[in-house]
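Colleague: Please find entry-v5.txt (compact mmCIF, C-alpha atoms) on the next line:
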# COMPACT_ATOMS: atom_id res chain seq x y z
CA ALA A 238 0.00 0.00 0.00
CA GLN A 239 1.14 3.54 -0.60
CA LYS A 240 2.42 5.44 2.38
CA VAL A 241 4.63 8.37 3.31
CA THR A 242 6.39 8.47 6.67
CA GLN A 243 7.98 11.51 8.24
CA ALA A 244 9.32 10.07 11.45
CA GLN A 245 10.46 13.41 12.89
CA THR A 246 7.44 15.07 14.44
CA GLU A 247 9.27 18.16 15.66
CA ILE A 248 12.77 19.50 15.17
CA SER A 249 14.25 22.49 16.92
CA VAL A 250 17.50 24.10 15.77
CA VAL A 251 19.36 27.33 16.33
CA GLU A 252 19.66 29.76 13.46
CA LYS A 253 22.48 28.99 11.00
CA GLU A 254 22.45 25.30 11.79
CA ASP A 255 21.88 22.84 8.96
CA VAL A 256 18.84 20.59 9.32
CA THR A 257 17.62 17.55 7.41
CA LEU A 258 14.01 16.49 7.27
CA ASP A 259 13.50 12.81 6.54
CA CYS A 260 10.89 11.30 4.24
CA VAL A 261 10.42 7.61 3.51
CA TYR A 262 7.76 6.38 1.10
CA GLU A 263 6.16 3.13 0.02
CA THR A 264 4.64 2.45 -3.37
CA ARG A 265 4.27 -0.42 -5.82
CA ASP A 266 4.24 1.88 -8.82
CA THR A 267 7.38 2.18 -10.90
CA THR A 268 6.38 5.67 -11.97
CA TYR A 269 5.55 8.16 -9.28
CA TYR A 270 6.25 11.69 -8.17
CA LEU A 271 7.47 13.07 -4.87
CA PHE A 272 6.80 16.51 -3.50
CA TRP A 273 7.70 18.75 -0.60
CA TYR A 274 5.36 21.46 0.66
CA LYS A 275 5.92 24.10 3.33
CA GLN A 276 3.16 25.30 5.65
CA PRO A 277 4.24 28.49 7.46
CA PRO A 278 2.39 29.70 10.57
CA SER A 279 -0.02 31.63 8.35
CA GLY A 280 -1.40 28.26 7.22
CA GLU A 281 -1.14 28.17 3.46
CA LEU A 282 0.62 25.33 1.64
CA VAL A 283 3.59 26.37 -0.45
CA PHE A 284 4.98 24.09 -3.13
CA LEU A 285 8.75 23.54 -2.88
CA ILE A 286 9.70 20.75 -5.28
CA ARG A 287 8.41 17.94 -7.50
CA ARG A 288 10.61 15.02 -8.47
CA ASN A 289 9.78 12.04 -10.68
CA SER A 290 10.85 8.50 -9.89
CA PHE A 291 13.27 8.30 -12.80
CA ASP A 292 15.30 11.31 -11.83
CA GLU A 293 17.60 10.51 -8.93
CA GLN A 294 19.75 13.55 -9.34
CA ASN A 295 20.01 15.64 -6.23
CA GLU A 296 18.64 19.14 -6.50
CA ILE A 297 19.77 22.37 -4.92
CA SER A 298 17.85 25.60 -4.79
CA GLY A 299 19.57 28.27 -2.74
CA ARG A 300 19.75 27.02 0.84
CA TYR A 301 17.47 24.10 0.07
CA SER A 302 18.60 20.73 -1.24
CA TRP A 303 16.90 17.41 -1.81
CA ASN A 304 18.39 13.94 -1.77
CA PHE A 305 16.35 11.28 -3.59
CA GLN A 306 17.49 7.69 -3.05
CA LYS A 307 15.34 5.09 -4.72
CA SER A 308 17.29 2.25 -3.12
CA THR A 309 16.13 3.32 0.33
CA SER A 310 12.80 4.87 -0.80
CA SER A 311 13.77 8.18 0.72
CA PHE A 312 13.44 11.79 -0.36
CA ASN A 313 15.14 13.89 2.29
CA PHE A 314 15.17 17.66 2.47
CA THR A 315 18.07 19.68 3.85
CA ILE A 316 18.06 23.35 4.79
CA THR A 317 21.53 24.83 5.02
CA ALA A 318 22.20 27.73 7.36
CA SER A 319 18.64 27.76 8.67
CA GLN A 320 16.83 31.02 9.33
CA VAL A 321 13.93 31.93 11.58
CA VAL A 322 11.73 32.33 8.49
CA ASP A 323 12.22 28.62 7.80
CA SER A 324 10.08 27.81 10.85
CA ALA A 325 7.10 25.93 9.47
CA VAL A 326 5.52 22.53 9.07
CA TYR A 327 7.01 20.63 6.15
CA PHE A 328 5.12 17.91 4.31
CA CYS A 329 6.46 15.25 2.03
CA ALA A 330 3.94 13.79 -0.44
CA LEU A 331 3.68 11.03 -3.03
CA SER A 332 1.59 10.84 -6.19
CA GLU A 333 1.28 7.55 -8.04
CA VAL A 334 0.75 7.40 -11.78
CA TYR A 335 -0.56 3.89 -12.47
CA SER A 336 -2.18 2.69 -9.23
CA SER A 337 -4.28 5.79 -8.90
CA ASN A 338 -5.77 8.22 -11.41
CA THR A 339 -7.32 10.40 -8.74
CA GLY A 340 -4.64 13.05 -8.70
CA LYS A 341 -4.32 12.29 -5.01
CA LEU A 342 -1.32 13.42 -3.04
CA ILE A 343 -0.46 11.03 -0.21
CA PHE A 344 0.96 13.15 2.56
CA GLY A 345 3.24 12.32 5.42
CA GLN A 346 2.31 13.44 8.90
CA GLY A 347 4.47 16.54 8.61
CA THR A 348 7.56 17.73 10.49
CA THR A 349 7.37 20.90 12.52
CA LEU A 350 10.63 22.83 12.27
CA GLN A 351 11.37 25.52 14.77
CA VAL A 352 14.38 27.72 14.12
CA LYS A 353 15.38 29.76 17.14
CA PRO A 354 17.32 33.01 16.83
CA GLU B 144 -2.63 35.92 -10.73
CA ALA B 145 -2.98 32.12 -10.71
CA GLN B 146 -4.79 31.09 -7.60
CA VAL B 147 -7.23 28.84 -5.78
CA THR B 148 -9.75 30.76 -3.69
CA GLN B 149 -11.64 29.23 -0.80
CA ASN B 150 -14.36 30.80 1.27
CA PRO B 151 -14.89 31.26 4.10
CA ARG B 152 -11.51 31.20 5.82
CA TYR B 153 -13.03 30.57 9.23
CA LEU B 154 -16.39 29.08 10.14
CA ILE B 155 -17.99 28.10 13.42
CA THR B 156 -21.27 26.25 13.12
CA VAL B 157 -23.58 24.00 15.08
CA THR B 158 -24.14 20.31 14.66
CA GLY B 159 -26.59 19.51 11.87
CA LYS B 160 -26.63 22.88 10.15
CA LYS B 161 -25.85 22.42 6.47
CA LEU B 162 -22.91 24.40 5.13
CA THR B 163 -20.97 24.87 1.92
CA VAL B 164 -17.32 25.79 1.49
CA THR B 165 -16.66 27.26 -1.92
CA CYS B 166 -13.56 26.73 -4.03
CA SER B 167 -12.66 28.37 -7.31
CA GLN B 168 -9.55 28.17 -9.49
CA ASN B 169 -8.56 30.39 -12.40
CA MET B 170 -5.93 28.17 -14.02
CA ASN B 171 -8.21 25.99 -16.17
CA HIS B 172 -7.02 22.93 -14.25
CA GLU B 173 -8.62 19.54 -14.87
CA TYR B 174 -8.09 18.06 -11.43
CA MET B 175 -9.52 19.41 -8.21
CA SER B 176 -9.51 17.88 -4.74
CA TRP B 177 -10.58 18.53 -1.20
CA TYR B 178 -8.33 17.58 1.70
CA ARG B 179 -8.71 17.80 5.43
CA GLN B 180 -5.74 18.36 7.72
CA ASP B 181 -5.73 16.96 11.22
CA PRO B 182 -2.87 16.95 13.76
CA GLY B 183 -0.60 13.95 13.39
CA LEU B 184 -2.41 12.74 10.27
CA GLY B 185 -1.16 15.09 7.59
CA LEU B 186 -3.63 15.85 4.81
CA ARG B 187 -6.14 13.29 3.60
CA GLN B 188 -8.16 13.44 0.41
CA ILE B 189 -11.92 13.73 0.85
CA TYR B 190 -13.17 13.93 -2.73
CA TYR B 191 -11.65 14.60 -6.11
CA SER B 192 -12.77 15.56 -9.58
CA MET B 193 -11.01 14.83 -12.86
CA ASN B 194 -13.25 17.07 -14.93
CA VAL B 195 -16.69 18.64 -15.12
CA GLU B 196 -19.37 16.26 -13.84
CA VAL B 197 -16.73 13.67 -12.88
CA THR B 198 -16.28 13.31 -9.14
CA ASP B 199 -15.36 10.42 -6.87
CA LYS B 200 -14.59 9.58 -3.28
CA GLY B 201 -11.17 9.95 -1.77
CA ASP B 202 -9.98 8.37 1.44
CA VAL B 203 -12.34 10.04 3.92
CA PRO B 204 -15.59 10.90 2.10
CA GLU B 205 -18.14 10.12 4.84
CA GLY B 206 -20.30 13.10 5.68
CA TYR B 207 -19.28 15.18 2.65
CA LYS B 208 -20.62 15.89 -0.82
CA VAL B 209 -19.15 17.73 -3.77
CA SER B 210 -20.19 18.87 -7.21
CA ARG B 211 -18.35 20.00 -10.34
CA LYS B 212 -20.79 21.74 -12.63
CA GLU B 213 -18.20 24.15 -13.98
CA LYS B 214 -14.50 23.56 -14.46
CA ARG B 215 -13.44 26.36 -12.14
CA ASN B 216 -15.68 25.60 -9.14
CA PHE B 217 -15.63 22.68 -6.74
CA PRO B 218 -17.73 23.31 -3.61
CA LEU B 219 -17.60 21.08 -0.54
CA ILE B 220 -20.94 20.44 1.12
CA LEU B 221 -21.53 19.21 4.65
CA GLU B 222 -25.21 18.25 4.79
CA SER B 223 -25.28 17.60 8.53
CA PRO B 224 -21.97 18.60 10.14
CA SER B 225 -20.78 16.81 13.25
CA PRO B 226 -18.03 17.70 15.74
CA ASN B 227 -15.66 15.11 14.21
CA GLN B 228 -15.64 17.22 11.06
CA THR B 229 -13.90 20.02 12.92
CA SER B 230 -10.73 20.39 10.89
CA LEU B 231 -8.69 22.53 8.52
CA TYR B 232 -9.87 22.07 4.94
CA PHE B 233 -7.93 22.70 1.76
CA CYS B 234 -9.07 22.82 -1.82
CA ALA B 235 -6.43 22.02 -4.44
CA SER B 236 -6.20 22.05 -8.20
CA SER B 237 -3.66 20.63 -10.63
CA LEU B 238 -3.28 20.68 -14.38
CA ARG B 239 -3.32 16.91 -14.58
CA GLN B 240 -2.47 13.88 -12.47
CA ALA B 241 0.84 14.00 -10.56
CA THR B 242 1.57 17.62 -11.43
CA GLU B 243 2.07 20.36 -8.86
CA ALA B 244 -1.04 20.98 -6.82
CA PHE B 245 -2.03 24.55 -6.00
CA PHE B 246 -3.80 24.95 -2.70
CA GLY B 247 -6.33 27.43 -1.44
CA GLN B 248 -5.71 29.39 1.75
CA GLY B 249 -7.57 26.86 3.87
CA THR B 250 -10.86 26.92 5.77
CA ARG B 251 -10.79 26.33 9.50
CA LEU B 252 -14.12 24.75 10.41
CA THR B 253 -15.34 24.25 13.97
CA VAL B 254 -18.53 22.28 14.58
CA VAL B 255 -19.96 22.62 18.09
Could you spell out this file's structure in structure tokens?
Modeller:
Amino acid sequence: AQKVTQAQTEISVVEKEDVTLDCVYETRDTTYYLFWYKQPPSGELVFLIRRNSFDEQNEISGRYSWNFQKSTSSFNFTITASQVVDSAVYFCALSEVYSSNTGKLIFGQGTTLQVKP
Amino acid sequence: EAQVTQNPRYLITVTGKKLTVTCSQNMNHEYMSWYRQDPGLGLRQIYYSMNVEVTDKGDVPEGYKVSRKEKRNFPLILESPSPNQTSLYFCASSLRQATEAFFGQGTRLTVV
């Protein structure tokens, strides 16, 4: 069955520390997409990245980087030199292509990141 | 500006009083979904629609109805709300399956 697990419920760091948010997924599909969304205290959901199952290249965008490892079914997210504005709930999500045509995103439970000044 | 608009943002209602949460998107997206967010559970899909007049149940559809009479609108209807439907609700749209989903601002519903 499809599932996304974010084992870290809450993480607290001090500004400028690096932090990695873990995401492990389960799917039987060979073609799928993985996403990360950010939910700041204001509540909206902000799209961060979409990665397909055939592209295992790591991606970097400014202070953000993503490590996709198919062998371990993980799609981890690292924030380098964290800032207070990074404080938010972060969700990892999975979308299957063949098992489901619903457009459904399967979300993890979310990781609350608190960055202290 | 490309966006998904939900209304209202906040709603407090009483058990059994029918309510509708509206959702509209201006991106001509095919797919639309409703999710509810509960602590420790992430977001779960309630209903989805692949196109006009095509809707189906998601993972937690009990107690909800939807309709898709126009491509841009996808209202969520609670015919007889109960306290266990107190939650944060999000409407989302995407161009097609497995593409980036755009979310509305959320509707915080409290049923007393």
Colleague: Can you check which parts of chain A lie within 8 Å of chain B? Per residue, the shortest pair of atoms and distance in Å to one decimal, counting all atoms listed in the file, sorted by chain and number, as a Markdown table.
Modeller:
| residue | atom | partner | partner_atom | distance |
| --- | --- | --- | --- | --- |
| A:Tyr269 | CA | B:Ala241 | CA | 7.6 |
| A:Tyr270 | CA | B:Ala241 | CA | 6.3 |
| A:Gly280 | CA | B:Gln248 | CA | 7.1 |
| A:Glu281 | CA | B:Gln248 | CA | 5.0 |
| A:Leu282 | CA | B:Phe246 | CA | 6.2 |
| A:Val283 | CA | B:Phe246 | CA | 7.9 |
| A:Phe284 | CA | B:Glu243 | CA | 7.4 |
| A:Arg287 | CA | B:Glu243 | CA | 6.9 |
| A:Phe328 | CA | B:Gly185 | CA | 7.6 |
| A:Ser332 | CA | B:Ala241 | CA | 5.4 |
| A:Glu333 | CA | B:Ala241 | CA | 6.9 |
| A:Val334 | CA | B:Ala241 | CA | 6.7 |
| A:Asn338 | CA | B:Gln240 | CA | 6.6 |
| A:Thr339 | CA | B:Tyr191 | CA | 6.6 |
| A:Gly340 | CA | B:Gln240 | CA | 4.4 |
| A:Lys341 | CA | B:Gln188 | CA | 6.7 |
| A:Leu342 | CA | B:Gln188 | CA | 7.7 |
| A:Ile343 | CA | B:Arg187 | CA | 7.2 |
| A:Phe344 | CA | B:Leu186 | CA | 5.8 |
| A:Gly345 | CA | B:Gly185 | CA | 5.6 |
| A:Gln346 | CA | B:Gly185 | CA | 4.1 |
| A:Gly347 | CA | B:Gly185 | CA | 5.9 |
Colleague: Pick from A:Gln306, A:Gln351, A:Ser279, A:Thr242: nearest to A:Ser319, with all atoms listed in the file counted?
Modeller: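 Checking each of A:Gln306, A:Gln351, A:Ser279, A:Thr242 against A:Ser319, counting all atoms listed in the file, the winner is A:Gln351.
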Colleague: Find the spatial neighbours of stretch 153-155 of chain B, counting only C-alpha atoms, within a cut-off of 9 Å - ignore same-chain residues fewer than 2 positions away - and output them as a list in words.
Modeller: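 Neighbouring residues, sequence-local ones excluded: Asn150, Pro151, Val157, Gly249, Thr250, Arg251, Leu252, Thr253, Val254 and Val255 of chain B.
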Colleague: Restricted to C-alpha atoms, what would the selected residues look like written as an mmCIF file, keeping the file's coordinate frame?
Modeller:
data_model
loop_
_atom_site.group_PDB
_atom_site.id
_atom_site.type_symbol
_atom_site.label_atom_id
_atom_site.label_comp_id
_atom_site.auth_asym_id
_atom_site.auth_seq_id
_atom_site.Cartn_x
_atom_site.Cartn_y
_atom_site.Cartn_z
ATOM 1 C CA ASN B 150 -14.360 30.800 1.270
ATOM 2 C CA PRO B 151 -14.890 31.260 4.100
ATOM 3 C CA VAL B 157 -23.580 24.000 15.080
ATOM 4 C CA GLY B 249 -7.570 26.860 3.870
ATOM 5 C CA THR B 250 -10.860 26.920 5.770
ATOM 6 C CA ARG B 251 -10.790 26.330 9.500
ATOM 7 C CA LEU B 252 -14.120 24.750 10.410
ATOM 8 C CA THR B 253 -15.340 24.250 13.970
ATOM 9 C CA VAL B 254 -18.530 22.280 14.580
ATOM 10 C CA VAL B 255 -19.960 22.620 18.090
#
Colleague: How many Å separate atom CA of B:Ile220 from atom CA of A:Val326?
Modeller: 27.7 Å
Colleague: Just the residues within 6 Å of stretch 210-213 of chain B, please, counting all atoms listed in the file, with nothing from its chain fewer than 3 positions along; format it as a PyMOL selection string.
Modeller: chain B and resi 195-196+216-217
